[in-house]
>>> print(open('coords04.cif').read())   # mmCIF, C-alpha atoms and all ligand atoms
data_query
#
loop_
_atom_site.group_PDB
_atom_site.id
_atom_site.type_symbol
_atom_site.label_atom_id
_atom_site.label_comp_id
_atom_site.auth_asym_id
_atom_site.auth_seq_id
_atom_site.Cartn_x
_atom_site.Cartn_y
_atom_site.Cartn_z
ATOM 1 C CA MET A 1 16.053 -7.709 -8.796
ATOM 2 C CA ALA A 2 16.163 -4.208 -10.345
ATOM 3 C CA GLU A 3 16.556 -1.102 -8.170
ATOM 4 C CA PRO A 4 13.461 1.156 -8.125
ATOM 5 C CA PRO A 5 13.982 3.817 -10.825
ATOM 6 C CA ASP A 6 14.224 7.509 -9.880
ATOM 7 C CA ASN A 7 10.968 8.131 -11.727
ATOM 8 C CA TRP A 8 9.057 5.379 -9.915
ATOM 9 C CA THR A 9 5.964 7.546 -9.618
ATOM 10 C CA GLU A 10 5.795 7.651 -13.427
ATOM 11 C CA SER A 11 6.169 3.898 -13.599
ATOM 12 C CA LEU A 12 3.386 3.590 -11.016
ATOM 13 C CA SER A 13 1.034 5.679 -13.068
ATOM 14 C CA THR A 14 1.553 3.606 -16.188
ATOM 15 C CA ASN A 15 2.092 0.134 -14.714
ATOM 16 C CA SER A 16 0.289 0.428 -11.360
ATOM 17 C CA SER A 17 3.114 -1.626 -9.922
ATOM 18 C CA LEU A 18 6.721 -1.572 -8.779
ATOM 19 C CA PRO A 19 9.363 -2.852 -11.189
ATOM 20 C CA THR A 20 9.909 -6.272 -9.614
ATOM 21 C CA GLY A 21 9.167 -8.363 -12.712
ATOM 22 C CA GLU A 22 7.177 -11.493 -11.887
ATOM 23 C CA GLY A 23 6.184 -12.443 -8.370
ATOM 24 C CA ILE A 24 3.575 -12.066 -5.675
ATOM 25 C CA VAL A 25 2.158 -8.657 -4.812
ATOM 26 C CA LEU A 26 0.276 -7.939 -1.571
ATOM 27 C CA ASP A 27 -1.970 -4.889 -1.199
ATOM 28 C CA ILE A 28 -2.710 -4.402 2.508
ATOM 29 C CA GLY A 29 -5.775 -2.299 3.325
ATOM 30 C CA THR A 30 -6.960 -2.947 -0.222
ATOM 31 C CA GLY A 31 -10.375 -1.277 0.332
ATOM 32 C CA ASP A 32 -12.582 -2.089 -2.673
ATOM 33 C CA GLY A 33 -9.724 -3.914 -4.423
ATOM 34 C CA LEU A 34 -9.532 -1.542 -7.399
ATOM 35 C CA PHE A 35 -5.719 -1.306 -7.349
ATOM 36 C CA VAL A 36 -5.399 -5.097 -7.205
ATOM 37 C CA TYR A 37 -7.935 -5.650 -9.971
ATOM 38 C CA GLN A 38 -6.485 -3.060 -12.367
ATOM 39 C CA SER A 39 -2.884 -4.061 -11.673
ATOM 40 C CA ALA A 40 -3.637 -7.763 -12.144
ATOM 41 C CA ARG A 41 -5.166 -7.026 -15.544
ATOM 42 C CA LEU A 42 -2.085 -5.040 -16.580
ATOM 43 C CA ASN A 43 0.438 -7.505 -15.147
ATOM 44 C CA PRO A 44 -0.810 -11.057 -15.799
ATOM 45 C CA GLN A 45 2.654 -12.450 -14.947
ATOM 46 C CA LYS A 46 2.234 -11.316 -11.328
ATOM 47 C CA PHE A 47 -0.095 -12.770 -8.686
ATOM 48 C CA TYR A 48 -1.998 -10.252 -6.531
ATOM 49 C CA ILE A 49 -3.384 -10.740 -3.029
ATOM 50 C CA GLY A 50 -5.637 -7.965 -1.703
ATOM 51 C CA ILE A 51 -5.952 -7.957 2.086
ATOM 52 C CA ASP A 52 -8.326 -5.956 4.251
ATOM 53 C CA ALA A 53 -9.792 -6.207 7.728
ATOM 54 C CA ASN A 54 -13.193 -5.230 6.300
ATOM 55 C CA THR A 55 -14.608 -7.382 3.511
ATOM 56 C CA ARG A 56 -17.809 -5.511 2.716
ATOM 57 C CA PRO A 57 -16.284 -3.195 0.049
ATOM 58 C CA LEU A 58 -14.716 -6.296 -1.547
ATOM 59 C CA GLU A 59 -17.971 -8.146 -2.196
ATOM 60 C CA LYS A 60 -18.387 -7.032 -5.839
ATOM 61 C CA VAL A 61 -14.809 -7.530 -6.959
ATOM 62 C CA SER A 62 -14.487 -10.869 -5.141
ATOM 63 C CA GLU A 63 -17.372 -12.192 -7.213
ATOM 64 C CA LYS A 64 -16.029 -10.640 -10.437
ATOM 65 C CA ILE A 65 -12.594 -12.307 -10.353
ATOM 66 C CA TYR A 66 -14.205 -15.786 -10.550
ATOM 67 C CA ARG A 67 -16.100 -15.024 -13.767
ATOM 68 C CA LYS A 68 -14.900 -16.266 -17.161
ATOM 69 C CA PRO A 69 -11.929 -14.193 -18.435
ATOM 70 C CA ASN A 70 -14.057 -12.540 -21.154
ATOM 71 C CA LYS A 71 -16.494 -11.393 -18.428
ATOM 72 C CA GLY A 72 -13.798 -9.762 -16.262
ATOM 73 C CA GLY A 73 -12.535 -12.857 -14.447
ATOM 74 C CA LEU A 74 -8.879 -12.894 -13.401
ATOM 75 C CA PRO A 75 -6.952 -16.034 -12.431
ATOM 76 C CA ASN A 76 -4.079 -14.080 -10.809
ATOM 77 C CA VAL A 77 -6.029 -12.471 -7.932
ATOM 78 C CA LEU A 78 -7.072 -13.505 -4.440
ATOM 79 C CA PHE A 79 -8.759 -11.465 -1.703
ATOM 80 C CA LEU A 80 -8.291 -12.206 1.961
ATOM 81 C CA GLN A 81 -9.851 -10.906 5.167
ATOM 82 C CA ALA A 82 -7.102 -10.172 7.702
ATOM 83 C CA ALA A 83 -5.795 -7.323 9.810
ATOM 84 C CA ILE A 84 -2.157 -6.239 9.764
ATOM 85 C CA GLU A 85 -1.974 -7.073 13.469
ATOM 86 C CA ASP A 86 -2.840 -10.716 12.778
ATOM 87 C CA LEU A 87 -1.752 -11.808 9.310
ATOM 88 C CA PRO A 88 -1.872 -15.573 8.586
ATOM 89 C CA GLU A 89 1.449 -17.444 8.826
ATOM 90 C CA GLU A 90 0.774 -18.902 5.372
ATOM 91 C CA LEU A 91 1.780 -15.487 4.000
ATOM 92 C CA ASN A 92 5.276 -15.660 5.530
ATOM 93 C CA SER A 93 8.018 -14.935 2.942
ATOM 94 C CA VAL A 94 5.620 -14.890 -0.024
ATOM 95 C CA ALA A 95 5.696 -11.209 -1.032
ATOM 96 C CA ASP A 96 7.909 -9.681 -3.703
ATOM 97 C CA GLU A 97 6.014 -6.382 -3.368
ATOM 98 C CA ILE A 98 3.812 -4.994 -0.630
ATOM 99 C CA HIS A 99 1.658 -1.918 -1.243
ATOM 100 C CA ILE A 100 -0.103 0.083 1.458
ATOM 101 C CA HIS A 101 -2.103 2.900 -0.110
ATOM 102 C CA PHE A 102 -3.883 5.550 1.952
ATOM 103 C CA PRO A 103 -3.900 3.587 5.215
ATOM 104 C CA TRP A 104 -6.216 4.779 7.940
ATOM 105 C CA GLY A 105 -6.951 3.850 11.566
ATOM 106 C CA SER A 106 -4.835 1.034 12.959
ATOM 107 C CA LEU A 107 -3.176 0.432 9.577
ATOM 108 C CA LEU A 108 -1.888 4.024 9.466
ATOM 109 C CA LYS A 109 -0.719 3.627 13.043
ATOM 110 C CA ALA A 110 1.116 0.409 12.122
ATOM 111 C CA VAL A 111 3.171 2.046 9.360
ATOM 112 C CA MET A 112 3.669 5.538 10.846
ATOM 113 C CA ARG A 113 4.299 4.918 14.550
ATOM 114 C CA GLY A 114 7.438 2.930 13.815
ATOM 115 C CA GLU A 115 6.616 0.260 16.409
ATOM 116 C CA VAL A 116 9.000 -2.537 15.615
ATOM 117 C CA THR A 117 6.584 -5.385 16.526
ATOM 118 C CA MET A 118 4.161 -4.135 13.901
ATOM 119 C CA LEU A 119 6.921 -3.655 11.318
ATOM 120 C CA HIS A 120 8.073 -7.241 11.980
ATOM 121 C CA ASN A 121 4.539 -8.318 10.981
ATOM 122 C CA LEU A 122 5.237 -6.754 7.590
ATOM 123 C CA ARG A 123 8.824 -7.974 7.331
ATOM 124 C CA ARG A 124 7.876 -11.609 7.828
ATOM 125 C CA LEU A 125 5.691 -11.458 4.693
ATOM 126 C CA CYS A 126 8.667 -10.490 2.529
ATOM 127 C CA SER A 127 10.865 -12.632 0.343
ATOM 128 C CA ASP A 128 14.506 -11.498 0.048
ATOM 129 C CA ASP A 129 14.784 -7.995 -1.439
ATOM 130 C CA ALA A 130 11.001 -7.467 -1.500
ATOM 131 C CA LEU A 131 9.842 -3.881 -1.947
ATOM 132 C CA LEU A 132 7.389 -2.149 0.376
ATOM 133 C CA GLU A 133 5.611 0.978 -0.852
ATOM 134 C CA VAL A 134 3.612 3.171 1.527
ATOM 135 C CA LEU A 135 1.543 6.142 0.284
ATOM 136 C CA ILE A 136 -0.167 8.425 2.781
ATOM 137 C CA GLY A 137 -2.583 11.197 1.920
ATOM 138 C CA ALA A 138 -3.355 13.441 4.865
ATOM 139 C CA ASP A 139 -4.801 16.840 5.600
ATOM 140 C CA VAL A 140 -2.928 17.613 8.819
ATOM 141 C CA GLU A 141 -5.479 20.243 9.933
ATOM 142 C CA ARG A 142 -8.641 18.325 9.136
ATOM 143 C CA ASP A 143 -7.232 14.997 10.315
ATOM 144 C CA ALA A 144 -5.538 16.428 13.435
ATOM 145 C CA ALA A 145 -7.880 14.766 15.966
ATOM 146 C CA GLU A 146 -7.571 11.314 14.387
ATOM 147 C CA LEU A 147 -3.781 11.632 14.074
ATOM 148 C CA GLU A 148 -3.588 12.593 17.738
ATOM 149 C CA ARG A 149 -5.807 9.651 18.701
ATOM 150 C CA LEU A 150 -3.468 7.325 16.803
ATOM 151 C CA GLY A 151 -0.396 8.852 18.462
ATOM 152 C CA ILE A 152 1.006 10.043 15.126
ATOM 153 C CA THR A 153 3.011 13.172 15.762
ATOM 154 C CA SER A 154 4.190 13.983 12.248
ATOM 155 C CA LEU A 155 3.652 13.087 8.605
ATOM 156 C CA SER A 156 6.764 14.706 7.176
ATOM 157 C CA ILE A 157 9.904 13.691 5.338
ATOM 158 C CA SER A 158 12.014 14.667 8.344
ATOM 159 C CA PHE A 159 9.922 12.300 10.507
ATOM 160 C CA VAL A 160 10.528 9.521 7.975
ATOM 161 C CA ASP A 161 14.273 10.243 8.125
ATOM 162 C CA SER A 162 14.668 10.679 11.867
ATOM 163 C CA VAL A 163 12.136 8.203 13.294
ATOM 164 C CA LEU A 164 10.913 5.746 10.675
ATOM 165 C CA THR A 165 14.208 5.031 8.900
ATOM 166 C CA PRO A 166 15.890 3.642 12.064
ATOM 167 C CA ALA A 167 12.700 1.827 13.184
ATOM 168 C CA TYR A 168 12.226 0.185 9.782
ATOM 169 C CA ALA A 169 15.950 -0.721 9.740
ATOM 170 C CA GLU A 170 15.565 -2.485 13.091
ATOM 171 C CA ALA A 171 12.711 -4.507 11.617
ATOM 172 C CA GLY A 172 14.775 -5.461 8.535
ATOM 173 C CA PHE A 173 13.795 -2.803 5.985
ATOM 174 C CA GLU A 174 15.956 -0.166 4.334
ATOM 175 C CA ILE A 175 14.008 2.937 3.316
ATOM 176 C CA THR A 176 15.542 3.692 -0.064
ATOM 177 C CA GLU A 177 13.309 6.500 -1.234
ATOM 178 C CA ARG A 178 10.863 8.969 0.255
ATOM 179 C CA GLY A 179 9.178 12.176 -0.807
ATOM 180 C CA GLU A 180 6.141 14.424 -0.786
ATOM 181 C CA CYS A 181 4.066 15.935 -3.539
ATOM 182 C CA LEU A 182 1.025 18.140 -3.997
ATOM 183 C CA PRO A 183 -2.336 16.732 -5.038
ATOM 184 C CA ALA A 184 -1.935 18.199 -8.528
ATOM 185 C CA ASP A 185 1.267 16.176 -8.970
ATOM 186 C CA TRP A 186 -0.123 12.910 -7.673
ATOM 187 C CA PRO A 187 0.481 10.035 -10.039
ATOM 188 C CA ASP A 188 -2.611 8.623 -11.677
ATOM 189 C CA LEU A 189 -3.016 5.937 -9.041
ATOM 190 C CA GLN A 190 -5.692 3.354 -9.629
ATOM 191 C CA THR A 191 -7.144 3.316 -6.129
ATOM 192 C CA SER A 192 -10.539 4.571 -5.056
ATOM 193 C CA TRP A 193 -9.119 6.655 -2.208
ATOM 194 C CA ALA A 194 -6.568 8.304 -4.493
ATOM 195 C CA ARG A 195 -9.494 9.478 -6.628
ATOM 196 C CA ARG A 196 -11.535 10.532 -3.621
ATOM 197 C CA LEU A 197 -8.748 12.510 -1.925
ATOM 198 C CA ASN A 198 -7.363 14.059 -5.067
ATOM 199 C CA ASN A 199 -9.867 16.927 -4.981
ATOM 200 C CA ASN A 200 -8.700 18.199 -1.587
ATOM 201 C CA ARG A 201 -6.044 20.826 -2.248
ATOM 202 C CA ASN A 202 -4.911 20.800 1.418
ATOM 203 C CA ARG A 203 -3.947 17.179 1.239
ATOM 204 C CA SER A 204 -0.383 16.214 0.433
ATOM 205 C CA LEU A 205 0.992 12.827 -0.469
ATOM 206 C CA LEU A 206 3.827 11.420 1.612
ATOM 207 C CA TYR A 207 5.433 8.282 0.237
ATOM 208 C CA PHE A 208 8.307 5.992 0.989
ATOM 209 C CA ILE A 209 9.732 2.827 -0.484
ATOM 210 C CA ALA A 210 11.642 0.289 1.584
ATOM 211 C CA ARG A 211 13.544 -2.838 0.638
ATOM 212 C CA ALA A 212 13.562 -5.968 2.807
ATOM 213 C CA ARG A 213 17.148 -6.743 3.885
HETATM 214 C C1 LIG B 1 -8.667 4.787 3.345
HETATM 215 S S1 LIG B 1 -8.932 3.117 2.956
HETATM 216 C C2 LIG B 1 -7.826 2.876 1.551
HETATM 217 C C3 LIG B 1 -8.278 1.738 0.667
HETATM 218 C C4 LIG B 1 -7.429 1.504 -0.588
HETATM 219 N N1 LIG B 1 -6.055 1.177 -0.280
HETATM 220 C C5 LIG B 1 -7.493 2.698 -1.527
HETATM 221 O O1 LIG B 1 -6.450 3.348 -1.732
HETATM 222 O O2 LIG B 1 -8.570 2.938 -2.087
HETATM 223 C C6 LIG B 1 -8.056 2.289 4.283
HETATM 224 C C7 LIG B 1 -8.305 0.778 4.335
HETATM 225 O O3 LIG B 1 -7.510 0.203 5.369
HETATM 226 C C8 LIG B 1 -8.239 -0.847 5.957
HETATM 227 N N2 LIG B 1 -7.678 -1.103 7.290
HETATM 228 C C9 LIG B 1 -7.725 -0.273 8.381
HETATM 229 N N3 LIG B 1 -7.099 -0.841 9.424
HETATM 230 C C10 LIG B 1 -6.636 -2.048 8.982
HETATM 231 C C11 LIG B 1 -5.883 -3.083 9.592
HETATM 232 N N4 LIG B 1 -5.505 -3.004 10.872
HETATM 233 N N5 LIG B 1 -5.536 -4.166 8.840
HETATM 234 C C12 LIG B 1 -5.926 -4.256 7.540
HETATM 235 N N6 LIG B 1 -6.657 -3.305 6.916
HETATM 236 C C13 LIG B 1 -6.999 -2.219 7.621
HETATM 237 C C14 LIG B 1 -9.675 -0.313 5.996
HETATM 238 O O4 LIG B 1 -10.625 -1.350 6.157
HETATM 239 C C15 LIG B 1 -9.750 0.401 4.644
HETATM 240 O O5 LIG B 1 -10.245 -0.445 3.642
#
>>> encode(input="coords04.cif", output="structure tokens", more="lines below")
Ligand SMILES: C[S@@+](CC[C@H](N)C(=O)[O-])C[C@H]1O[C@@H](n2cnc3c(N)ncnc32)[C@H](O)[C@@H]1O
Amino acid sequence: MAEPPDNWTESLSTNSSLPTGEGIVLDIGTGDGLFVYQSARLNPQKFYIGIDANTRPLEKVSEKIYRKPNKGGLPNVLFLQAAIEDLPEELNSVADEIHIHFPWGSLLKAVMRGEVTMLHNLRRLCSDDALLEVLIGADVERDAAELERLGITSLSISFVDSVLTPAYAEAGFEITERGECLPADWPDLQTSWARRLNNNRNRSLLYFIARAR
């Protein structure tokens, strides 16, 4: 499997996907499923599973994927109701890529607290060498109360290096890349929350990519 390129954010903006070739892609906390739908159209050789604890925003797209192909139907997509705390065992070892875009609430807590039990929940979904991509958009002032409630003390690169890198390693992931950028430099991500948050100039994007070992 190819290493993620240095310019992965560019490849994201054009392909909406990591460079893993064929395979199964999970999008956890998929929201309205836009990323899954757009990516599945662009990458028909991959199979996409959008997962969210809340199914209401998925009602439209779940109906659309079963239409005829010329009416927007897509045979390479599935949506599933599940929470990261309780993912079905049928998903064990299936994922070649996992995306978590703009997590909030307990999903943000799961990826940013570095609790190994929760990270094991993610690791068990992975096939060998699977890639995990996490993108977080936060306004640390405006979101301070919610971050405190979730027990998240920092959303910085140094926190990724000092706290998350060892915690992810214990759960079987190697964080191979991480970074931050300003809203103006955000890649053209095809997710509804990327579009919604992009207008807030106080919000920065923290991202990291990990490989299952
Ligand atoms: C801010 S939205 C982002 C949606 C989408 N990824 C996007 O970029 O447009 C966060 C999503 O995480 C989901 N979520 C929150 N906690 C979750 C959990 N424990 N397990 C699975 N999904 C969860 C919410 O239902 C919501 O759809």
>>> atom_distance(input="coords04.cif", atom1="CA of Gln190 in chain A", atom2="CA of Leu135 in chain A")
12.6 Å
>>> atom_distance(input="coords04.cif", atom1="CA of Ala145 in chain A", atom2="CA of Asp161 in chain A")
23.9 Å
>>> closest_residue(input="coords04.cif", among="A:Pro103, A:Pro88, A:Pro44, A:Gly23", to="ligand LIG 1 (chain B)", atoms="all atoms listed in the file")
A:Pro103
>>> closest_residue(input="coords04.cif", among="A:Pro75, A:Pro69, A:Gly114, A:Gly29", to="Val163 in chain A", atoms="only C-alpha atoms")
A:Gly114
>>> resolve_selection(input="coords04.cif", expression="the PyMOL selection byres (((chain A and resi 211) around 9) and not hetatm)", output="list of chain:residue names")
A:Asp128, A:Asp129, A:Ala130, A:Leu131, A:Leu132, A:Glu133, A:Gly172, A:Phe173, A:Glu174, A:Ile175, A:Thr176, A:Ile209, A:Ala210, A:Ala212, A:Arg213
>>> residues_around(input="coords04.cif", residues="Glu89 in chain A", least_positions_apart="3", cutoff="10 Å", atoms="all atoms listed in the file", output="VMD selection string")
chain A and resid 86 92 to 93 121 124 to 125
>>> resolve_selection(input="coords04.cif", expression="the PyMOL selection byres (((chain A and resi 56) around 12) and not hetatm)", output="list in words")
Thr30, Gly31, Asp32, Gly33, Asp52, Ala53, Asn54, Thr55, Pro57, Leu58, Glu59, Lys60, Val61, Ser62, Glu63, Phe79, Leu80 and Gln81 of chain A
>>> residues_near_point(input="coords04.cif", point="(6.8, 7.3, 6.5)", cutoff="8 Å", atoms="all atoms listed in the file", output="list of chain:residue names")
A:Val111, A:Met112, A:Val134, A:Ile136, A:Leu155, A:Ser156, A:Ile157, A:Phe159, A:Val160, A:Leu164, A:Arg178, A:Leu206, A:Tyr207, A:Phe208
>>> resolve_selection(input="coords04.cif", expression="the PyMOL selection byres (((chain A and resi 181) around 6) and not hetatm)", output="list in words")
Glu180, Leu182, Ser204 and Leu205 of chain A
>>> decode(input="coords04.cif", residues="range 123-143 of chain A", atoms="N, CA and C atoms", output="mmCIF file, in the first residue's frame")
data_model
loop_
_atom_site.group_PDB
_atom_site.id
_atom_site.type_symbol
_atom_site.label_atom_id
_atom_site.label_comp_id
_atom_site.auth_asym_id
_atom_site.auth_seq_id
_atom_site.Cartn_x
_atom_site.Cartn_y
_atom_site.Cartn_z
ATOM 1 N N ARG A 123 -9.339 0.610 16.143
ATOM 2 C CA ARG A 123 -8.282 -0.268 15.612
ATOM 3 C C ARG A 123 -8.852 -1.601 15.127
ATOM 4 N N ARG A 124 -9.879 -2.094 15.841
ATOM 5 C CA ARG A 124 -10.406 -3.403 15.446
ATOM 6 C C ARG A 124 -11.146 -3.363 14.098
ATOM 7 N N LEU A 125 -11.483 -2.166 13.628
ATOM 8 C CA LEU A 125 -12.142 -2.049 12.319
ATOM 9 C C LEU A 125 -11.149 -2.166 11.170
ATOM 10 N N CYS A 126 -9.853 -2.003 11.493
ATOM 11 C CA CYS A 126 -8.838 -1.822 10.446
ATOM 12 C C CYS A 126 -8.290 -3.135 9.896
ATOM 13 N N SER A 127 -8.096 -3.157 8.568
ATOM 14 C CA SER A 127 -7.281 -4.219 7.991
ATOM 15 C C SER A 127 -5.811 -3.804 8.172
ATOM 16 N N ASP A 128 -4.876 -4.688 7.846
ATOM 17 C CA ASP A 128 -3.457 -4.346 8.008
ATOM 18 C C ASP A 128 -3.133 -3.100 7.206
ATOM 19 N N ASP A 129 -2.395 -2.175 7.827
ATOM 20 C CA ASP A 129 -1.923 -0.959 7.155
ATOM 21 C C ASP A 129 -3.026 0.044 6.824
ATOM 22 N N ALA A 130 -4.213 -0.147 7.359
ATOM 23 C CA ALA A 130 -5.305 0.815 7.071
ATOM 24 C C ALA A 130 -4.899 2.221 7.521
ATOM 25 N N LEU A 131 -5.460 3.208 6.853
ATOM 26 C CA LEU A 131 -5.186 4.605 7.215
ATOM 27 C C LEU A 131 -6.390 5.212 7.928
ATOM 28 N N LEU A 132 -6.091 5.954 8.990
ATOM 29 C CA LEU A 132 -7.129 6.686 9.726
ATOM 30 C C LEU A 132 -6.832 8.169 9.557
ATOM 31 N N GLU A 133 -7.845 8.927 9.150
ATOM 32 C CA GLU A 133 -7.673 10.378 9.001
ATOM 33 C C GLU A 133 -8.673 11.086 9.911
ATOM 34 N N VAL A 134 -8.168 11.965 10.750
ATOM 35 C CA VAL A 134 -9.044 12.727 11.661
ATOM 36 C C VAL A 134 -8.857 14.212 11.372
ATOM 37 N N LEU A 135 -9.947 14.922 11.125
ATOM 38 C CA LEU A 135 -9.912 16.373 10.886
ATOM 39 C C LEU A 135 -10.798 17.056 11.921
ATOM 40 N N ILE A 136 -10.227 18.014 12.637
ATOM 41 C CA ILE A 136 -10.991 18.690 13.686
ATOM 42 C C ILE A 136 -10.999 20.189 13.423
ATOM 43 N N GLY A 137 -12.184 20.764 13.418
ATOM 44 C CA GLY A 137 -12.284 22.210 13.242
ATOM 45 C C GLY A 137 -12.847 22.805 14.519
ATOM 46 N N ALA A 138 -12.041 23.578 15.228
ATOM 47 C CA ALA A 138 -12.532 24.107 16.505
ATOM 48 C C ALA A 138 -12.200 25.579 16.654
ATOM 49 N N ASP A 139 -13.083 26.255 17.383
ATOM 50 C CA ASP A 139 -12.845 27.641 17.771
ATOM 51 C C ASP A 139 -12.644 27.569 19.283
ATOM 52 N N VAL A 140 -11.367 27.579 19.724
ATOM 53 C CA VAL A 140 -11.108 27.238 21.131
ATOM 54 C C VAL A 140 -11.791 28.186 22.106
ATOM 55 N N GLU A 141 -12.036 29.448 21.687
ATOM 56 C CA GLU A 141 -12.745 30.370 22.603
ATOM 57 C C GLU A 141 -14.233 30.040 22.643
ATOM 58 N N ARG A 142 -14.832 29.993 21.459
ATOM 59 C CA ARG A 142 -16.279 29.775 21.392
ATOM 60 C C ARG A 142 -16.678 28.387 21.897
ATOM 61 N N ASP A 143 -15.813 27.411 21.667
ATOM 62 C CA ASP A 143 -16.142 26.028 22.022
ATOM 63 C C ASP A 143 -15.597 25.635 23.396
#
